[in-house]
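Participant: The structure file run-v5.txt (compact mmCIF, C-alpha atoms) is provided below.
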# COMPACT_ATOMS: atom_id res chain seq x y z
CA MET H 1 -49.20 -253.42 -76.07
CA ARG H 2 -48.62 -249.67 -76.06
CA TYR H 3 -45.36 -250.11 -78.01
CA ALA H 4 -47.13 -252.34 -80.53
CA ILE H 5 -49.71 -249.61 -81.18
CA ILE H 6 -46.98 -246.99 -81.57
CA PHE H 7 -45.04 -249.29 -83.90
CA LEU H 8 -48.12 -250.04 -86.05
CA SER H 9 -48.98 -246.33 -86.15
CA PHE H 10 -45.45 -245.58 -87.33
CA ILE H 11 -45.69 -248.23 -90.06
CA PHE H 12 -49.07 -246.86 -91.17
CA VAL H 13 -47.68 -243.31 -91.44
CA LEU H 14 -44.60 -244.56 -93.28
CA VAL H 15 -46.68 -246.46 -95.85
CA ALA H 16 -49.09 -243.55 -96.29
CA CYS H 17 -46.25 -241.09 -96.91
CA THR H 18 -44.42 -243.18 -99.49
CA GLY H 19 -47.35 -243.08 -101.92
CA ALA H 20 -48.40 -245.65 -104.45
CA PRO H 21 -45.75 -247.83 -106.00
CA GLN H 22 -44.48 -246.80 -109.43
CA THR H 23 -45.98 -248.78 -112.27
CA SER H 24 -43.73 -250.24 -114.90
CA GLN H 25 -46.59 -251.13 -117.24
CA PRO H 26 -46.69 -249.08 -120.47
CA LEU H 27 -49.85 -246.99 -120.66
CA VAL H 28 -52.06 -245.51 -123.34
CA VAL H 29 -54.43 -242.74 -122.25
CA GLY H 30 -56.88 -241.89 -125.01
CA GLU H 31 -54.66 -241.84 -128.09
CA THR H 32 -51.55 -240.78 -126.16
CA PRO H 33 -48.91 -243.45 -125.59
CA ILE H 34 -46.92 -242.98 -122.38
CA ALA H 35 -43.50 -244.59 -122.07
CA SER H 36 -43.13 -246.54 -118.86
CA GLU H 37 -39.37 -246.24 -118.85
CA SER H 38 -36.55 -244.67 -120.79
CA LYS H 39 -32.80 -245.06 -120.85
CA LEU H 40 -29.96 -242.96 -122.15
CA ILE H 41 -27.98 -245.09 -124.61
CA ASP H 42 -25.38 -242.58 -125.76
CA THR H 43 -23.09 -241.89 -122.82
CA LYS H 44 -20.58 -239.79 -124.75
CA PRO H 45 -18.93 -237.48 -122.19
CA ASP H 46 -19.98 -234.22 -123.88
CA TRP H 47 -22.24 -232.34 -121.51
CA ALA H 48 -24.73 -231.08 -124.09
CA ALA H 49 -26.09 -231.79 -127.53
CA ILE H 50 -25.49 -229.01 -130.04
CA PRO H 51 -26.68 -228.35 -133.60
CA GLY H 52 -24.60 -230.16 -136.19
CA GLU H 53 -23.78 -233.09 -133.91
CA LYS H 54 -25.40 -236.49 -133.79
CA ALA H 55 -28.41 -236.47 -131.46
CA PRO H 56 -27.73 -238.45 -128.26
CA ASP H 57 -29.52 -241.78 -128.49
CA PHE H 58 -32.04 -243.02 -125.93
CA SER H 59 -34.60 -245.79 -125.68
CA TYR H 60 -38.20 -245.71 -124.48
CA THR H 61 -40.74 -248.44 -123.81
CA LEU H 62 -44.31 -248.14 -125.08
CA ALA H 63 -47.12 -250.67 -124.83
CA ASP H 64 -46.11 -252.26 -128.12
CA GLY H 65 -42.34 -252.49 -127.53
CA THR H 66 -39.07 -250.72 -126.87
CA TYR H 67 -37.79 -248.16 -129.35
CA LYS H 68 -34.70 -246.01 -129.81
CA LEU H 69 -34.33 -242.50 -131.17
CA SER H 70 -31.82 -243.92 -133.67
CA ASP H 71 -34.58 -246.21 -135.05
CA LEU H 72 -36.19 -243.06 -136.47
CA ARG H 73 -33.37 -242.25 -138.92
CA GLY H 74 -34.85 -241.22 -142.26
CA LYS H 75 -37.61 -239.18 -140.60
CA PRO H 76 -37.58 -235.65 -139.21
CA VAL H 77 -37.87 -235.78 -135.41
CA ILE H 78 -38.72 -233.29 -132.70
CA VAL H 79 -37.51 -234.07 -129.18
CA ASN H 80 -39.36 -231.79 -126.79
CA PHE H 81 -38.40 -231.59 -123.09
CA TRP H 82 -41.33 -230.59 -120.86
CA ALA H 83 -43.01 -230.98 -117.46
CA THR H 84 -46.63 -231.07 -116.31
CA TRP H 85 -46.12 -228.02 -114.04
CA CYS H 86 -44.59 -225.90 -116.85
CA LEU H 87 -47.27 -223.55 -118.27
CA PRO H 88 -45.32 -222.70 -121.48
CA CYS H 89 -44.89 -226.45 -122.04
CA VAL H 90 -48.65 -226.95 -121.78
CA GLU H 91 -49.33 -223.98 -124.07
CA GLU H 92 -47.11 -225.30 -126.87
CA MET H 93 -48.52 -228.86 -126.87
CA PRO H 94 -51.42 -228.01 -129.27
CA GLU H 95 -48.92 -226.45 -131.70
CA LEU H 96 -46.80 -229.59 -131.62
CA GLU H 97 -49.87 -231.79 -132.17
CA ALA H 98 -51.00 -229.63 -135.11
CA ALA H 99 -47.53 -229.89 -136.68
CA ARG H 100 -47.57 -233.67 -136.28
CA ARG H 101 -51.00 -233.94 -137.89
CA THR H 102 -50.03 -231.78 -140.89
CA ASN H 103 -46.61 -233.42 -141.43
CA PRO H 104 -47.15 -237.19 -141.77
CA ASP H 105 -43.38 -237.97 -141.71
CA LEU H 106 -42.74 -235.91 -138.57
CA VAL H 107 -42.14 -237.83 -135.35
CA ILE H 108 -42.50 -236.02 -132.02
CA LEU H 109 -41.10 -237.44 -128.78
CA ALA H 110 -42.04 -235.43 -125.70
CA VAL H 111 -39.56 -236.22 -122.92
CA ASN H 112 -40.86 -235.35 -119.47
CA ARG H 113 -38.29 -234.16 -116.94
CA ASN H 114 -38.26 -236.07 -113.64
CA GLU H 115 -41.96 -236.90 -113.19
CA SER H 116 -43.69 -240.23 -112.63
CA VAL H 117 -45.73 -242.13 -115.19
CA GLU H 118 -48.78 -241.54 -112.99
CA ALA H 119 -48.28 -237.76 -113.04
CA ILE H 120 -47.95 -237.83 -116.81
CA ALA H 121 -51.04 -240.02 -117.22
CA ALA H 122 -53.09 -237.61 -115.08
CA PHE H 123 -51.87 -234.74 -117.28
CA VAL H 124 -52.83 -236.27 -120.65
CA PRO H 125 -56.52 -235.22 -120.65
CA LYS H 126 -55.42 -231.58 -120.32
CA VAL H 127 -53.51 -231.62 -123.63
CA GLY H 128 -54.89 -234.47 -125.74
CA VAL H 129 -51.86 -235.21 -127.88
CA SER H 130 -51.22 -238.36 -129.88
CA PHE H 131 -47.43 -238.43 -129.82
CA PRO H 132 -45.51 -240.40 -127.15
CA LEU H 133 -44.94 -238.84 -123.74
CA ILE H 134 -41.72 -240.27 -122.37
CA THR H 135 -40.71 -240.24 -118.73
CA ASP H 136 -37.10 -239.29 -117.96
CA ARG H 137 -37.49 -240.09 -114.28
CA ASN H 138 -33.81 -239.73 -113.35
CA GLY H 139 -33.14 -236.83 -115.74
CA ALA H 140 -30.31 -238.59 -117.62
CA ILE H 141 -31.67 -237.86 -121.10
CA GLY H 142 -32.29 -234.19 -120.31
CA GLU H 143 -28.81 -233.88 -118.81
CA ARG H 144 -27.16 -235.37 -121.88
CA TYR H 145 -29.07 -232.90 -124.05
CA GLY H 146 -27.98 -230.04 -121.77
CA VAL H 147 -31.54 -229.09 -120.85
CA THR H 148 -31.67 -226.55 -118.03
CA ASN H 149 -34.89 -224.71 -118.95
CA LEU H 150 -38.30 -225.95 -119.98
CA PRO H 151 -39.55 -226.21 -122.57
CA THR H 152 -36.51 -226.98 -124.71
CA THR H 153 -36.98 -228.49 -128.15
CA PHE H 154 -34.50 -230.18 -130.47
CA PHE H 155 -35.14 -230.53 -134.21
CA ILE H 156 -33.38 -233.58 -135.60
CA ASN H 157 -32.50 -234.11 -139.25
CA ARG H 158 -33.29 -237.31 -141.13
CA ASP H 159 -29.63 -238.37 -140.75
CA GLY H 160 -29.85 -238.17 -136.95
CA THR H 161 -27.97 -234.90 -136.51
CA ILE H 162 -29.38 -231.93 -134.63
CA ALA H 163 -30.67 -229.21 -136.97
CA ALA H 164 -31.67 -226.70 -134.29
CA ARG H 165 -32.41 -226.18 -130.62
CA HIS H 166 -35.18 -223.90 -129.40
CA LEU H 167 -35.50 -222.60 -125.84
CA GLY H 168 -38.94 -221.59 -124.61
CA ALA H 169 -42.44 -222.17 -125.92
CA LEU H 170 -42.94 -222.61 -129.64
CA THR H 171 -45.54 -220.59 -131.50
CA ALA H 172 -46.99 -221.96 -134.74
CA ALA H 173 -44.84 -219.53 -136.77
CA ARG H 174 -41.61 -220.34 -134.91
CA LEU H 175 -42.33 -224.07 -135.14
CA ALA H 176 -42.78 -223.76 -138.93
CA GLU H 177 -39.49 -221.83 -139.19
CA ARG H 178 -37.60 -224.47 -137.22
CA LEU H 179 -39.16 -227.34 -139.19
CA ALA H 180 -38.00 -225.65 -142.40
CA GLU H 181 -34.41 -226.01 -141.10
CA VAL H 182 -34.72 -229.80 -140.85
CA ARG H 183 -33.17 -231.71 -143.77
Please rewrite the model in this file as structure tokens.
Facilitator:
Amino acid sequence: MRYAIIFLSFIFVLVACTGAPQTSQPLVVGETPIASESKLIDTKPDWAAIPGEKAPDFSYTLADGTYKLSDLRGKPVIVNFWATWCLPCVEEMPELEAARRTNPDLVILAVNRNESVEAIAAFVPKVGVSFPLITDRNGAIGERYGVTNLPTTFFINRDGTIAARHLGALTAARLAERLAEVR
């Protein structure tokens, strides 16, 4: 009986420490879509994406379907790598949202580095953005883009090539300058 109590106590502690199971259901919090999963499609061996090259392709699943970065050809795209714990990332979110609202063709994909969908969903009320927040749970997309610091933002031309890369938080002025470089 004593061993049964010890065993059950061990199981209880084990279950309590593992946390809630990860959800695979796409979420929408307010007007912010959150991708439940993402996958690197372009596995070209280059270690980092650089301006002038084709942007590495990836897919992401929202509540209304699965999309790919390459599906957005013909539109200017911003791919922003961020995390909920990154203060500069949080500070630049309103600037990104303002740019999206004033540029109807602009698509913004905010790729979160290594955090769960639940952590992202809890973060949404703090920033109130309407562009997709994409989880990169295993870090494969960030690795392929050569992201080592957050925030890091890529500006992608309409033809799918990288126009520019920006390290650090974007101010409204710097964001406007970088958007002017996109063809």
Participant: Listing only residues of range 60-124 of chain H within 10 Å of range 26-42 of chain H, what is the closest atom pair and its distance in Å (to one decimal) for each, using all atoms listed in the file, sorted by chain and residue number ascending, as CSV?
Facilitator:
residue,atom,partner,partner_atom,distance
H:Tyr60,CA,H:Ser38,CA,4.2
H:Thr61,CA,H:Ala35,CA,5.0
H:Leu62,CA,H:Ala35,CA,4.7
H:Ala63,CA,H:Pro26,CA,4.7
H:Asp64,CA,H:Pro26,CA,8.3
H:Gly65,CA,H:Pro26,CA,9.0
H:Thr66,CA,H:Ser38,CA,8.9
H:Tyr67,CA,H:Ser38,CA,9.3
H:Lys68,CA,H:Ile41,CA,8.5
H:Leu69,CA,H:Ile41,CA,9.5
H:Ser70,CA,H:Ile41,CA,9.9
H:Ala110,CA,H:Ile34,CA,9.6
H:Val111,CA,H:Ser38,CA,9.2
H:Asn112,CA,H:Ala35,CA,10.0
H:Ser116,CA,H:Ser36,CA,8.9
H:Val117,CA,H:Ser36,CA,6.3
H:Glu118,CA,H:Leu27,CA,9.5
H:Ile120,CA,H:Ile34,CA,7.7
H:Ala121,CA,H:Val29,CA,6.6
H:Ala122,CA,H:Val29,CA,8.9
H:Phe123,CA,H:Val29,CA,9.8
H:Val124,CA,H:Val29,CA,6.9
Participant: List the neighbours of Thr152 in chain H out to 10 Å using all atoms listed in the file; skip same-chain residues closer than 6 positions along the sequence, and give me the result as a list in words.
Facilitator: Val79, Asn80, Phe81, Trp82, Cys89, Val111, Gly142, Tyr145, Gly146, Arg165, His166, Leu167, Gly168, Ala169 and Leu170 of chain H
Participant: Measuring atom to atom with only C-alpha atoms, identify which of H:Thr153, H:Thr161, H:Thr102, H:Asn138 is nearest to Asn114 in chain H.
Facilitator: H:Asn138
Participant: If I take CA of Thr84 in chain H and CA of Ala98 in chain H, how far is one from the other in Å, to one decimal?
Facilitator: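 Taking CA of Thr84 in chain H as the start and CA of Ala98 in chain H as the end point, the length is 19.4 Å.
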Participant: Between CA of Val129 in chain H and CA of Glu95 in chain H, what distance in Å does the model show, to one decimal?
Facilitator: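 Going from CA of Val129 in chain H over to CA of Glu95 in chain H, I get 10.0 Å.
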